[in-house]
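For reference, coords-v8.cif is printed below; it contains mmCIF, C-alpha atoms (C1' of nucleotides).
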```cif
data_my_file
#
loop_
_atom_site.label_atom_id
_atom_site.label_comp_id
_atom_site.auth_asym_id
_atom_site.auth_seq_id
_atom_site.Cartn_x
_atom_site.Cartn_y
_atom_site.Cartn_z
CA MET A 1109 101.22 118.69 121.43
CA PRO A 1110 98.16 117.82 123.54
CA THR A 1111 98.54 116.56 127.08
CA THR A 1112 97.28 113.27 128.47
CA ALA A 1113 94.29 115.04 129.97
CA GLU A 1114 93.46 116.47 126.56
CA PHE A 1115 93.70 113.05 124.97
CA GLU A 1116 91.26 111.73 127.56
CA HIS A 1117 88.96 114.61 126.81
CA MET A 1118 89.12 113.86 123.10
CA LEU A 1119 88.15 110.25 123.77
CA ARG A 1120 85.22 111.21 125.96
CA GLY A 1121 84.11 113.75 123.40
CA ALA A 1122 83.93 110.92 120.87
CA SER A 1123 81.90 108.73 123.26
CA LEU A 1124 84.82 106.35 123.65
CA ARG A 1125 85.79 104.81 126.95
CA VAL A 1126 89.03 106.12 128.37
CA THR A 1127 91.56 103.34 128.73
CA ARG A 1128 95.31 103.45 129.08
CA PRO A 1129 95.88 101.71 125.74
CA ARG A 1130 93.64 104.19 123.98
CA VAL A 1131 95.36 107.20 125.44
CA ALA A 1132 98.71 105.69 124.56
CA VAL A 1133 97.68 104.99 120.96
CA LEU A 1134 96.23 108.45 120.51
CA SER A 1135 99.40 109.94 121.94
CA ALA A 1136 101.60 107.76 119.72
CA VAL A 1137 99.77 108.87 116.59
CA HIS A 1138 100.19 112.48 117.61
CA HIS A 1139 103.89 112.05 118.31
CA HIS A 1140 104.69 109.94 115.25
CA PRO A 1141 102.93 111.36 112.20
CA HIS A 1142 102.46 108.85 109.36
CA ALA A 1143 103.62 105.94 111.51
CA ASP A 1144 102.54 102.48 110.48
CA THR A 1145 100.79 100.06 112.79
CA SER A 1146 103.89 98.25 114.00
CA ALA A 1147 105.59 101.53 114.86
CA ILE A 1148 102.54 102.54 116.83
CA ILE A 1149 102.53 99.20 118.61
CA SER A 1150 106.17 99.73 119.55
CA ALA A 1151 105.53 103.23 120.81
CA VAL A 1152 102.57 102.09 122.87
CA ARG A 1153 104.56 99.25 124.40
CA GLU A 1154 107.36 101.61 125.38
CA ASP A 1155 104.69 103.51 127.22
CA LEU A 1156 102.67 100.79 128.88
CA GLY A 1157 104.62 97.57 128.68
CA GLU A 1158 102.88 94.69 126.97
CA VAL A 1159 99.86 95.53 124.83
CA SER A 1160 98.36 93.08 122.37
CA HIS A 1161 98.61 94.01 118.73
CA GLN A 1162 94.93 93.23 118.41
CA ALA A 1163 94.10 95.98 120.90
CA VAL A 1164 96.06 98.48 118.82
CA TYR A 1165 94.27 97.41 115.66
CA ASP A 1166 90.91 97.72 117.38
CA ILE A 1167 91.79 101.09 118.86
CA LEU A 1168 93.08 102.50 115.59
CA ARG A 1169 89.87 101.49 113.90
CA ALA A 1170 87.76 102.97 116.67
CA LEU A 1171 89.72 106.22 116.57
CA THR A 1172 89.43 106.32 112.80
CA VAL A 1173 85.67 105.92 112.71
CA ALA A 1174 85.41 108.44 115.53
CA GLY A 1175 87.37 110.88 113.41
CA LEU A 1176 90.19 111.34 115.91
CA VAL A 1177 92.82 109.93 113.57
CA ARG A 1178 93.02 109.41 109.86
CA CYS A 1179 94.21 106.30 108.07
CA ILE A 1180 96.20 106.66 104.88
CA GLU A 1181 97.25 103.75 102.70
CA PRO A 1182 99.92 104.78 100.24
CA PRO A 1183 100.38 102.36 97.33
CA GLY A 1184 103.14 99.92 98.08
CA SER A 1185 103.02 100.60 101.78
CA VAL A 1186 101.08 99.41 104.77
CA ALA A 1187 98.42 101.48 106.50
CA ARG A 1188 99.66 104.60 108.24
CA TYR A 1189 97.94 106.91 110.67
CA GLU A 1190 98.07 110.59 111.40
CA ALA A 1191 96.41 112.95 113.82
CA ARG A 1192 95.72 115.85 111.47
CA VAL A 1193 92.02 115.53 110.87
CA GLY A 1194 89.38 118.03 109.90
CA ASP A 1195 91.61 119.99 107.60
CA ASN A 1196 91.74 118.27 104.26
CA HIS A 1197 95.38 118.06 103.40
CA HIS A 1198 97.22 115.71 101.09
CA HIS A 1199 100.48 113.80 101.00
CA ILE A 1200 103.72 113.54 99.08
CA VAL A 1201 105.13 110.02 99.02
CA CYS A 1202 108.77 109.44 98.10
CA ARG A 1203 109.09 106.78 95.41
CA ALA A 1204 112.49 105.73 96.71
CA CYS A 1205 112.27 105.60 100.50
CA GLY A 1206 108.54 105.87 101.17
CA ALA A 1207 108.84 109.01 103.26
CA ILE A 1208 105.60 110.96 103.60
CA ALA A 1209 105.11 114.68 104.01
CA ASP A 1210 101.96 116.71 104.45
CA VAL A 1211 100.82 119.13 101.78
CA ASP A 1212 98.16 121.70 102.33
CA CYS A 1213 95.56 122.17 99.67
CA ALA A 1214 97.14 123.70 96.62
CA VAL A 1215 94.26 125.94 95.64
CA GLY A 1216 91.56 127.69 97.58
CA SER A 1217 88.62 126.25 95.74
CA ALA A 1218 87.99 122.59 94.99
CA PRO A 1219 88.63 122.07 91.30
CA CYS A 1220 89.27 118.37 91.71
CA LEU A 1221 85.84 117.82 93.22
CA THR A 1222 84.18 118.68 89.93
CA PRO A 1223 85.39 116.09 87.46
CA SER A 1224 84.33 116.41 83.87
CA ASP A 1225 82.03 113.41 84.18
CA ASP A 1226 81.07 111.93 87.53
CA HIS A 1227 79.31 108.87 86.00
CA GLY A 1228 76.39 109.44 88.36
CA PHE A 1229 78.52 108.99 91.45
CA VAL A 1230 77.83 111.11 94.51
CA ILE A 1231 81.31 112.38 95.34
CA ASP A 1232 82.02 113.56 98.86
CA GLU A 1233 85.79 113.56 99.00
CA ALA A 1234 88.84 113.78 96.81
CA GLU A 1235 92.25 112.70 97.94
CA VAL A 1236 95.43 113.68 96.17
CA VAL A 1237 98.64 111.69 96.41
CA TYR A 1238 101.76 113.30 95.03
CA ARG A 1239 104.60 111.01 94.09
CA GLY A 1240 108.19 111.98 93.64
CA LEU A 1241 111.48 112.01 95.46
CA CYS A 1242 112.17 113.42 98.88
CA PRO A 1243 115.06 115.90 99.27
CA SER A 1244 117.63 113.32 100.35
CA CYS A 1245 116.65 110.73 97.73
CA SER A 1246 116.59 113.30 94.94
CA THR A 1247 120.18 114.28 95.71
CA THR A 1248 121.59 110.78 96.19
CA THR A 1249 119.82 109.46 93.11
CA ALA A 1250 121.59 110.67 90.01
CA THR A 1251 119.42 112.98 87.95
CA THR A 1252 118.85 110.30 85.35
CA ASP A 1253 115.13 110.29 85.80
CA THR A 1254 113.82 113.15 83.73
CA ARG A 1255 110.41 111.82 82.81
CA LYS A 1256 107.64 114.34 82.94
CA ASP A 1257 104.71 112.38 81.63
CA SER A 1258 101.99 113.15 84.09
CA ARG A 1259 99.23 115.62 83.75
CA VAL A 1260 96.60 116.36 86.31
CA MET B 981 89.39 96.63 71.49
CA PRO B 982 92.80 95.57 70.16
CA THR B 983 93.24 92.22 68.45
CA THR B 984 95.61 89.45 69.45
CA ALA B 985 98.04 90.57 66.77
CA GLU B 986 97.97 94.06 68.21
CA PHE B 987 98.65 92.75 71.70
CA GLU B 988 101.64 90.89 70.35
CA HIS B 989 102.83 94.04 68.68
CA MET B 990 102.48 95.98 71.93
CA LEU B 991 104.60 93.38 73.70
CA ARG B 992 107.30 93.46 71.07
CA GLY B 993 107.27 97.23 71.11
CA ALA B 994 108.04 97.07 74.82
CA SER B 995 110.91 94.62 74.27
CA LEU B 996 108.96 91.86 75.94
CA ARG B 997 108.90 88.31 74.64
CA VAL B 998 105.58 87.26 73.22
CA THR B 999 104.13 84.34 75.13
CA ARG B 1000 100.62 83.03 75.33
CA PRO B 1001 100.24 83.91 79.01
CA ARG B 1002 101.36 87.46 78.34
CA VAL B 1003 98.97 87.98 75.47
CA ALA B 1004 96.18 86.52 77.59
CA VAL B 1005 96.95 88.78 80.56
CA LEU B 1006 97.18 91.86 78.37
CA SER B 1007 93.90 90.94 76.75
CA ALA B 1008 92.25 90.28 80.11
CA VAL B 1009 93.27 93.68 81.42
CA HIS B 1010 91.86 95.31 78.30
CA HIS B 1011 88.60 93.40 78.55
CA HIS B 1012 88.14 93.79 82.31
CA PRO B 1013 89.02 97.33 83.35
CA HIS B 1014 89.90 97.69 87.06
CA ALA B 1015 89.96 93.94 87.58
CA ASP B 1016 91.93 92.64 90.53
CA THR B 1017 94.60 89.99 90.22
CA SER B 1018 92.37 87.03 90.98
CA ALA B 1019 89.85 88.14 88.36
CA ILE B 1020 92.65 88.41 85.84
CA ILE B 1021 93.89 84.96 86.77
CA SER B 1022 90.40 83.56 86.21
CA ALA B 1023 90.07 85.30 82.86
CA VAL B 1024 93.46 84.03 81.73
CA ARG B 1025 92.63 80.49 82.78
CA GLU B 1026 89.39 80.58 80.86
CA ASP B 1027 91.54 81.44 77.89
CA LEU B 1028 94.48 79.10 78.24
CA GLY B 1029 93.62 76.48 80.80
CA GLU B 1030 95.93 76.23 83.76
CA VAL B 1031 98.29 79.14 84.37
CA SER B 1032 100.13 79.64 87.61
CA HIS B 1033 99.23 82.64 89.68
CA GLN B 1034 102.93 83.39 89.95
CA ALA B 1035 103.13 83.84 86.18
CA VAL B 1036 100.27 86.31 86.29
CA TYR B 1037 101.92 88.28 89.08
CA ASP B 1038 105.18 88.36 87.15
CA ILE B 1039 103.48 89.36 83.93
CA LEU B 1040 101.45 92.10 85.55
CA ARG B 1041 104.59 93.54 87.04
CA ALA B 1042 106.44 93.34 83.73
CA LEU B 1043 103.56 94.99 81.89
CA THR B 1044 103.36 97.68 84.55
CA VAL B 1045 107.04 98.61 84.39
CA ALA B 1046 106.82 98.50 80.59
CA GLY B 1047 103.95 100.98 80.77
CA LEU B 1048 101.44 98.74 79.00
CA VAL B 1049 99.14 98.55 81.99
CA ARG B 1050 98.69 100.63 85.08
CA CYS B 1051 98.33 99.38 88.63
CA ILE B 1052 95.96 101.16 90.99
CA GLU B 1053 95.62 100.35 94.67
CA PRO B 1054 92.48 101.87 96.14
CA PRO B 1055 92.48 102.02 99.94
CA GLY B 1056 90.70 99.03 101.38
CA SER B 1057 91.03 97.06 98.18
CA VAL B 1058 93.58 94.85 96.54
CA ALA B 1059 95.65 95.92 93.56
CA ARG B 1060 93.72 96.47 90.34
CA TYR B 1061 94.92 96.91 86.80
CA GLU B 1062 93.74 98.87 83.83
CA ALA B 1063 94.87 99.34 80.25
CA ARG B 1064 94.32 103.07 79.94
CA VAL B 1065 97.84 104.40 80.11
CA GLY B 1066 99.44 107.55 78.82
CA ASP B 1067 96.44 109.72 79.48
CA ASN B 1068 96.48 110.73 83.09
CA HIS B 1069 93.01 110.07 84.32
CA HIS B 1070 91.72 109.47 87.83
CA HIS B 1071 89.22 107.25 89.59
CA ILE B 1072 86.02 107.34 91.57
CA VAL B 1073 85.76 104.59 94.15
CA CYS B 1074 82.40 103.71 95.66
CA ARG B 1075 82.59 103.61 99.45
CA ALA B 1076 79.87 100.99 99.63
CA CYS B 1077 80.55 98.44 96.91
CA GLY B 1078 84.07 99.31 95.77
CA ALA B 1079 83.08 99.95 92.17
CA ILE B 1080 85.56 102.02 90.23
CA ALA B 1081 84.92 104.42 87.37
CA ASP B 1082 87.33 106.45 85.29
CA VAL B 1083 87.36 110.22 85.48
CA ASP B 1084 89.14 112.41 83.04
CA CYS B 1085 91.13 115.28 84.36
CA ALA B 1086 88.80 117.93 85.63
CA VAL B 1087 90.80 120.91 84.53
CA GLY B 1088 93.09 121.55 81.61
CA SER B 1089 96.12 122.66 83.54
CA ALA B 1090 97.72 120.86 86.45
CA PRO B 1091 96.79 122.79 89.58
CA CYS B 1092 97.37 119.83 91.83
CA LEU B 1093 100.98 119.52 90.74
CA THR B 1094 101.84 122.81 92.37
CA PRO B 1095 101.12 122.36 96.05
CA SER B 1096 101.53 125.30 98.35
CA ASP B 1097 104.67 123.80 99.88
CA ASP B 1098 106.47 120.86 98.35
CA HIS B 1099 108.85 120.35 101.32
CA GLY B 1100 111.74 120.06 98.88
CA PHE B 1101 110.26 117.02 97.17
CA VAL B 1102 110.67 116.62 93.42
CA ILE B 1103 107.11 115.85 92.37
CA ASP B 1104 106.52 114.10 89.09
CA GLU B 1105 102.98 112.84 89.43
CA ALA B 1106 99.76 113.53 91.26
CA GLU B 1107 97.00 111.00 91.56
CA VAL B 1108 93.49 111.90 92.57
CA VAL B 1109 91.08 109.44 94.12
CA TYR B 1110 87.48 110.51 94.45
CA ARG B 1111 85.38 108.71 97.02
CA GLY B 1112 81.64 108.59 97.13
CA LEU B 1113 78.73 106.39 96.22
CA CYS B 1114 78.04 104.83 92.87
CA PRO B 1115 74.62 105.35 91.29
CA SER B 1116 73.11 102.10 92.56
CA CYS B 1117 74.52 102.41 96.09
CA SER B 1118 73.47 106.04 96.39
CA THR B 1119 69.86 105.10 95.65
CA THR B 1120 69.66 102.00 97.86
CA THR B 1121 71.43 103.70 100.74
CA ALA B 1122 69.07 106.09 102.48
CA THR B 1123 70.18 109.68 102.08
CA THR B 1124 71.30 109.87 105.68
CA ASP B 1125 74.87 110.70 104.83
CA THR B 1126 74.96 114.39 104.13
CA ARG B 1127 78.47 115.22 105.24
CA LYS B 1128 80.36 117.63 103.05
CA ASP B 1129 83.56 118.08 104.95
CA SER B 1130 86.19 117.73 102.29
CA ARG B 1131 88.08 120.39 100.52
CA VAL B 1132 90.64 119.92 97.85
"C1'" DA C 438 115.38 74.27 59.98
"C1'" DG C 439 117.90 73.30 64.33
"C1'" DC C 440 120.85 74.44 68.33
"C1'" DC C 441 121.91 77.51 72.40
"C1'" DT C 442 121.39 81.16 75.57
"C1'" DT C 443 118.39 83.79 78.08
"C1'" DT C 444 114.05 84.72 79.71
"C1'" DT C 445 109.79 83.06 81.38
"C1'" DC C 446 106.63 79.78 83.57
"C1'" DT C 447 105.53 76.04 87.16
"C1'" DT C 448 105.36 74.31 91.67
"C1'" DG C 449 105.27 74.79 96.34
"C1'" DA C 450 106.62 76.83 100.43
"C1'" DC C 451 106.60 80.93 102.90
"C1'" DT C 452 106.22 85.90 104.79
"C1'" DC C 453 103.65 89.56 106.59
"C1'" DG C 454 99.80 92.57 107.61
"C1'" DT C 455 95.49 92.01 109.17
"C1'" DT C 456 91.30 89.75 110.94
"C1'" DC C 457 88.51 86.30 113.63
"C1'" DC C 458 87.30 84.17 117.87
"C1'" DA C 459 86.51 83.11 122.81
"C1'" DG C 460 87.38 84.27 127.22
"C1'" DA C 461 89.38 87.46 130.83
"C1'" DA C 462 89.71 92.17 132.38
"C1'" DA C 463 88.39 96.79 133.00
"C1'" DG C 464 85.45 101.10 132.50
"C1'" DC C 465 81.51 103.48 134.05
"C1'" DG C 466 76.45 104.32 135.07
"C1'" DG C 467 73.47 103.38 138.73
"C1'" DC D 169 80.27 99.23 145.41
"C1'" DC D 170 77.77 96.12 141.58
"C1'" DG D 171 76.73 94.62 137.36
"C1'" DC D 172 76.43 95.33 132.57
"C1'" DT D 173 78.84 96.39 128.62
"C1'" DT D 174 82.77 97.35 126.19
"C1'" DT D 175 87.52 96.49 125.66
"C1'" DC D 176 91.80 93.83 125.87
"C1'" DT D 177 94.45 89.32 125.68
"C1'" DG D 178 96.20 85.37 123.41
"C1'" DG D 179 96.30 82.47 119.80
"C1'" DA D 180 94.81 80.75 115.55
"C1'" DA D 181 93.68 81.74 110.93
"C1'" DC D 182 93.37 84.12 106.44
"C1'" DG D 183 94.73 86.11 102.04
"C1'" DA D 184 97.53 88.87 98.97
"C1'" DG D 185 101.76 88.79 97.54
"C1'" DT D 186 106.80 87.09 97.41
"C1'" DC D 187 110.86 83.87 97.22
"C1'" DA D 188 113.39 80.14 95.20
"C1'" DA D 189 114.76 76.27 92.16
"C1'" DG D 190 114.07 73.81 88.28
"C1'" DA D 191 111.46 72.94 83.73
"C1'" DA D 192 109.86 74.97 79.52
"C1'" DA D 193 109.85 78.00 75.78
"C1'" DA D 194 111.13 82.31 72.97
"C1'" DG D 195 114.19 84.18 69.71
"C1'" DG D 196 118.89 85.03 67.79
"C1'" DC D 197 122.29 82.67 65.20
"C1'" DT D 198 124.44 79.51 62.09
#
```
Write out the structure in this file as structure tokens.
Amino acid sequence: MPTTAEFEHMLRGASLRVTRPRVAVLSAVHHHPHADTSAIISAVREDLGEVSHQAVYDILRALTVAGLVRCIEPPGSVARYEARVGDNHHHIVCRACGAIADVDCAVGSAPCLTPSDDHGFVIDEAEVVYRGLCPSCSTTTATTDTRKDSRV
Amino acid sequence: MPTTAEFEHMLRGASLRVTRPRVAVLSAVHHHPHADTSAIISAVREDLGEVSHQAVYDILRALTVAGLVRCIEPPGSVARYEARVGDNHHHIVCRACGAIADVDCAVGSAPCLTPSDDHGFVIDEAEVVYRGLCPSCSTTTATTDTRKDSRV
DNA sequence: AGCCTTTTCTTGACTCGTTCCAGAAAGCGG
DNA sequence: CCGCTTTCTGGAACGAGTCAAGAAAAGGCT
């Protein structure tokens, strides 16, 4: 886990001013992977005392466009943020509890980036979202759900 | 494009009561692929006159759980609905204008359903979202965006 | 065909995540 | 240390979607 000095260095490297709220937000995202905005606001306020929610929204956007954090928006959930950037990994979302886990790329090459027909689009990214049940939900839920209807 | 009688038959086949709003919503989703809820409401009202938005929300949910329509929620956009169900296809979303196009599965097998580490999750579906620029946006936008940083 | 039960639709208020705005505060180059 | 610029505060506002109670209608049954 990076130190405060490293967070400051990351901000400067992205041409962003170094402020206490920004360091706190960056730190919160690193310490709470896949946290939503309100969780990040809480974490930042534990750190600094009162911080406006607007500041956190602004900072998260600034960090996102700077490439220091990544915003993911799972269906049926609010926006969540994570610090793993640069490596293109994907996510498993639990249908029952909404838990999210990271998944590294399944295959070495990029088969999903070459669809059969791109309709003239210029594709620069493909994101994969796996859906299923997390370990605890799959055990508590009776094994009544045996559908297997999805191809990829 | 299915006829009204066929829409009614689809509803009955899903154990759903046949009502004019439901037929109109089902028809609207078939005629307007990837339309958002407000567009569907407009289309239904052109058909039937006044219909409450609540009815459309309820109907869309009922049709979704019945498997007659599919709900997609692209990041940065509201929920959209489409009638192509059963075949597992994916979507290209234009970063600039939000246009959506269908993409059939790139490969015959399901490589994306076997991630390198599933963290104990029971995966039953994988959804792929391609992001890029649609034909018109890629020509109007100057070719200044040459990043190619995504693997899958 | 006509009743009765259950489901569905209407109306209207309301929640929640997010954004907009104007002014105060703080970072940082000179 | 000063001043310009960016950032943060506080509060209002917005929009998609949800909740709740009662009216309307679908469909089974006689």
Distance filter 10 Å, all atoms listed in the file, chain A against chain C, as a PyMOL selection string: chain A and resi 1125-1127+1145-1146+1162+1165+1186-1187
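Applied to this file, the PyMOL selection byres ((chain D) within 12 of (chain B)) selects the residues DG183, DA184, DG185, DT186, DC187, DA192, DA193, DA194 and DG195 of chain D.
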Output chain A, superimposed onto chain B using in-order Cα pairs, as a compact mmCIF listing (two decimals) with C-alpha atoms, in the coordinates of the input:
```txt
# COMPACT_ATOMS: atom_id res chain seq x y z
CA MET A 1109 89.45 96.62 71.46
CA PRO A 1110 92.85 95.54 70.11
CA THR A 1111 93.30 92.20 68.41
CA THR A 1112 95.66 89.43 69.43
CA ALA A 1113 98.12 90.52 66.77
CA GLU A 1114 98.06 94.03 68.20
CA PHE A 1115 98.70 92.72 71.69
CA GLU A 1116 101.71 90.83 70.37
CA HIS A 1117 102.91 93.98 68.69
CA MET A 1118 102.55 95.91 71.93
CA LEU A 1119 104.66 93.32 73.73
CA ARG A 1120 107.39 93.39 71.11
CA GLY A 1121 107.35 97.16 71.14
CA ALA A 1122 108.10 97.00 74.87
CA SER A 1123 110.97 94.53 74.33
CA LEU A 1124 108.99 91.77 76.01
CA ARG A 1125 108.94 88.22 74.75
CA VAL A 1126 105.64 87.17 73.25
CA THR A 1127 104.15 84.28 75.17
CA ARG A 1128 100.62 82.98 75.31
CA PRO A 1129 100.22 83.87 79.00
CA ARG A 1130 101.37 87.41 78.34
CA VAL A 1131 98.99 87.94 75.47
CA ALA A 1132 96.19 86.50 77.55
CA VAL A 1133 96.95 88.75 80.53
CA LEU A 1134 97.20 91.83 78.35
CA SER A 1135 93.92 90.92 76.71
CA ALA A 1136 92.25 90.27 80.08
CA VAL A 1137 93.27 93.67 81.39
CA HIS A 1138 91.88 95.30 78.28
CA HIS A 1139 88.60 93.42 78.53
CA HIS A 1140 88.14 93.80 82.28
CA PRO A 1141 89.00 97.34 83.34
CA HIS A 1142 89.89 97.70 87.04
CA ALA A 1143 89.94 93.94 87.56
CA ASP A 1144 91.90 92.62 90.49
CA THR A 1145 94.57 89.96 90.20
CA SER A 1146 92.35 86.98 90.92
CA ALA A 1147 89.83 88.11 88.31
CA ILE A 1148 92.63 88.39 85.81
CA ILE A 1149 93.88 84.94 86.74
CA SER A 1150 90.39 83.56 86.16
CA ALA A 1151 90.06 85.28 82.81
CA VAL A 1152 93.45 84.02 81.69
CA ARG A 1153 92.63 80.47 82.73
CA GLU A 1154 89.37 80.56 80.79
CA ASP A 1155 91.52 81.42 77.83
CA LEU A 1156 94.46 79.08 78.18
CA GLY A 1157 93.59 76.44 80.73
CA GLU A 1158 95.92 76.18 83.69
CA VAL A 1159 98.26 79.10 84.31
CA SER A 1160 100.14 79.55 87.56
CA HIS A 1161 99.19 82.55 89.63
CA GLN A 1162 102.87 83.35 89.92
CA ALA A 1163 103.10 83.79 86.15
CA VAL A 1164 100.23 86.28 86.24
CA TYR A 1165 101.88 88.23 89.05
CA ASP A 1166 105.16 88.30 87.15
CA ILE A 1167 103.47 89.32 83.92
CA LEU A 1168 101.43 92.07 85.54
CA ARG A 1169 104.57 93.50 87.04
CA ALA A 1170 106.43 93.28 83.75
CA LEU A 1171 103.57 94.95 81.90
CA THR A 1172 103.37 97.64 84.55
CA VAL A 1173 107.03 98.57 84.41
CA ALA A 1174 106.84 98.46 80.62
CA GLY A 1175 103.98 100.94 80.79
CA LEU A 1176 101.47 98.71 79.01
CA VAL A 1177 99.15 98.53 82.00
CA ARG A 1178 98.69 100.61 85.09
CA CYS A 1179 98.31 99.35 88.64
CA ILE A 1180 95.94 101.13 90.98
CA GLU A 1181 95.59 100.31 94.66
CA PRO A 1182 92.47 101.84 96.11
CA PRO A 1183 92.43 102.02 99.92
CA GLY A 1184 90.67 99.03 101.35
CA SER A 1185 91.01 97.04 98.18
CA VAL A 1186 93.56 94.82 96.54
CA ALA A 1187 95.63 95.87 93.55
CA ARG A 1188 93.71 96.43 90.34
CA TYR A 1189 94.91 96.88 86.80
CA GLU A 1190 93.74 98.84 83.82
CA ALA A 1191 94.86 99.31 80.26
CA ARG A 1192 94.34 103.06 79.94
CA VAL A 1193 97.86 104.37 80.13
CA GLY A 1194 99.47 107.51 78.83
CA ASP A 1195 96.49 109.71 79.48
CA ASN A 1196 96.51 110.75 83.09
CA HIS A 1197 93.03 110.08 84.32
CA HIS A 1198 91.75 109.48 87.82
CA HIS A 1199 89.25 107.26 89.58
CA ILE A 1200 86.04 107.39 91.57
CA VAL A 1201 85.79 104.62 94.16
CA CYS A 1202 82.42 103.74 95.68
CA ARG A 1203 82.62 103.65 99.47
CA ALA A 1204 79.89 101.04 99.66
CA CYS A 1205 80.58 98.47 96.94
CA GLY A 1206 84.10 99.34 95.80
CA ALA A 1207 83.10 99.96 92.20
CA ILE A 1208 85.60 102.04 90.24
CA ALA A 1209 84.96 104.42 87.38
CA ASP A 1210 87.36 106.46 85.30
CA VAL A 1211 87.38 110.23 85.49
CA ASP A 1212 89.16 112.41 83.02
CA CYS A 1213 91.16 115.30 84.32
CA ALA A 1214 88.84 117.91 85.73
CA VAL A 1215 90.75 120.95 84.58
CA GLY A 1216 92.99 121.65 81.65
CA SER A 1217 95.99 122.81 83.58
CA ALA A 1218 97.63 121.03 86.50
CA PRO A 1219 96.75 122.96 89.63
CA CYS A 1220 97.33 119.99 91.89
CA LEU A 1221 100.92 119.65 90.72
CA THR A 1222 101.83 122.95 92.34
CA PRO A 1223 101.20 122.49 96.03
CA SER A 1224 101.68 125.44 98.31
CA ASP A 1225 104.81 123.90 99.80
CA ASP A 1226 106.57 120.94 98.22
CA HIS A 1227 108.99 120.44 101.16
CA GLY A 1228 111.85 120.12 98.68
CA PHE A 1229 110.34 117.10 96.99
CA VAL A 1230 110.70 116.69 93.25
CA ILE A 1231 107.12 115.93 92.23
CA ASP A 1232 106.50 114.15 88.96
CA GLU A 1233 102.96 112.91 89.34
CA ALA A 1234 99.75 113.60 91.18
CA GLU A 1235 97.00 111.07 91.51
CA VAL A 1236 93.49 111.96 92.55
CA VAL A 1237 91.10 109.48 94.12
CA TYR A 1238 87.49 110.54 94.45
CA ARG A 1239 85.41 108.76 97.03
CA GLY A 1240 81.67 108.63 97.17
CA LEU A 1241 78.76 106.43 96.24
CA CYS A 1242 78.08 104.87 92.88
CA PRO A 1243 74.63 105.41 91.30
CA SER A 1244 73.13 102.16 92.56
CA CYS A 1245 74.54 102.47 96.09
CA SER A 1246 73.48 106.09 96.40
CA THR A 1247 69.88 105.15 95.64
CA THR A 1248 69.68 102.03 97.81
CA THR A 1249 71.40 103.75 100.73
CA ALA A 1250 68.99 106.11 102.41
CA THR A 1251 70.09 109.71 102.09
CA THR A 1252 71.14 109.82 105.72
CA ASP A 1253 74.71 110.64 104.92
CA THR A 1254 74.82 114.36 104.35
CA ARG A 1255 78.35 115.12 105.48
CA LYS A 1256 80.20 117.58 103.35
CA ASP A 1257 83.42 118.02 105.24
CA SER A 1258 86.04 117.72 102.58
CA ARG A 1259 87.84 120.45 100.82
CA VAL A 1260 90.40 120.03 98.12
```
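Reported to one decimal place, the separation of CA of Ile1052 (chain B) from CA of Pro1183 (chain A) is 7.8 Å.
Note that the spacing between CA of Ala1147 (chain A) and CA of Asp1016 (chain B) amounts to 29.3 Å.
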For the file shown, report as an mmCIF file with C-alpha atoms, in the coordinates of the input the outcome of the PyMOL selection byres ((chain A and resi 1240) around 9) at residue level.
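Below you can see out-v9.cif, which holds the result:
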```
data_model
loop_
_atom_site.group_PDB
_atom_site.id
_atom_site.type_symbol
_atom_site.label_atom_id
_atom_site.label_comp_id
_atom_site.auth_asym_id
_atom_site.auth_seq_id
_atom_site.Cartn_x
_atom_site.Cartn_y
_atom_site.Cartn_z
ATOM 1 C CA ILE A 1200 103.720 113.540 99.080
ATOM 2 C CA VAL A 1201 105.130 110.020 99.020
ATOM 3 C CA CYS A 1202 108.770 109.440 98.100
ATOM 4 C CA ARG A 1203 109.090 106.780 95.410
ATOM 5 C CA ALA A 1204 112.490 105.730 96.710
ATOM 6 C CA TYR A 1238 101.760 113.300 95.030
ATOM 7 C CA ARG A 1239 104.600 111.010 94.090
ATOM 8 C CA LEU A 1241 111.480 112.010 95.460
ATOM 9 C CA CYS A 1242 112.170 113.420 98.880
ATOM 10 C CA SER A 1246 116.590 113.300 94.940
ATOM 11 C CA PHE B 1101 110.260 117.020 97.170
ATOM 12 C CA VAL B 1102 110.670 116.620 93.420
ATOM 13 C CA ILE B 1103 107.110 115.850 92.370
ATOM 14 C CA ASP B 1104 106.520 114.100 89.090
ATOM 15 C CA GLU B 1105 102.980 112.840 89.430
ATOM 16 C CA ALA B 1106 99.760 113.530 91.260
#
```
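Atom pair CA of Gly1228 (chain A) / CA of Ser1057 (chain B) has a distance of 21.5 Å (rounded to one decimal).
On the file presented, the PyMOL selection byres ((chain D and resi 173-177) around 6) picks out Ala1163 of chain A; DC172 and DG178 of chain D.
Among the candidates B:Thr1044, B:Ser1032, B:Thr1119, B:Thr983, the residue lying nearest to chain A is B:Thr1119 (atoms considered: all atoms listed in the file).
Residue nearest chain B within the list A:Cys1245, A:Val1236, A:Leu1176, A:Val1137: A:Val1236 [criterion: smallest interatomic distance, all atoms listed in the file].
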Can you list, as a list in words, every protein, DNA or RNA residue that comes within 9 Å of Leu1028 (chain B) when you count only C-alpha atoms (C1' of nucleotides), leaving out same-chain residues fewer than 5 positions away? Arg1000, Pro1001, Ala1004 and Ala1023 of chain B
Might you pull out every residue within 10 Å of Leu1171 (chain A), with all atoms listed in the file counted and same-chain residues fewer than 4 positions away left off, and present them as a list of chain:residue names? A:Leu1119, A:Ala1122, A:Leu1124, A:Arg1130, A:Val1133, A:Leu1134, A:Tyr1165, A:Asp1166, A:Ile1167, A:Gly1175, A:Leu1176, A:Val1177, A:Arg1178, A:Cys1179, A:Ala1191
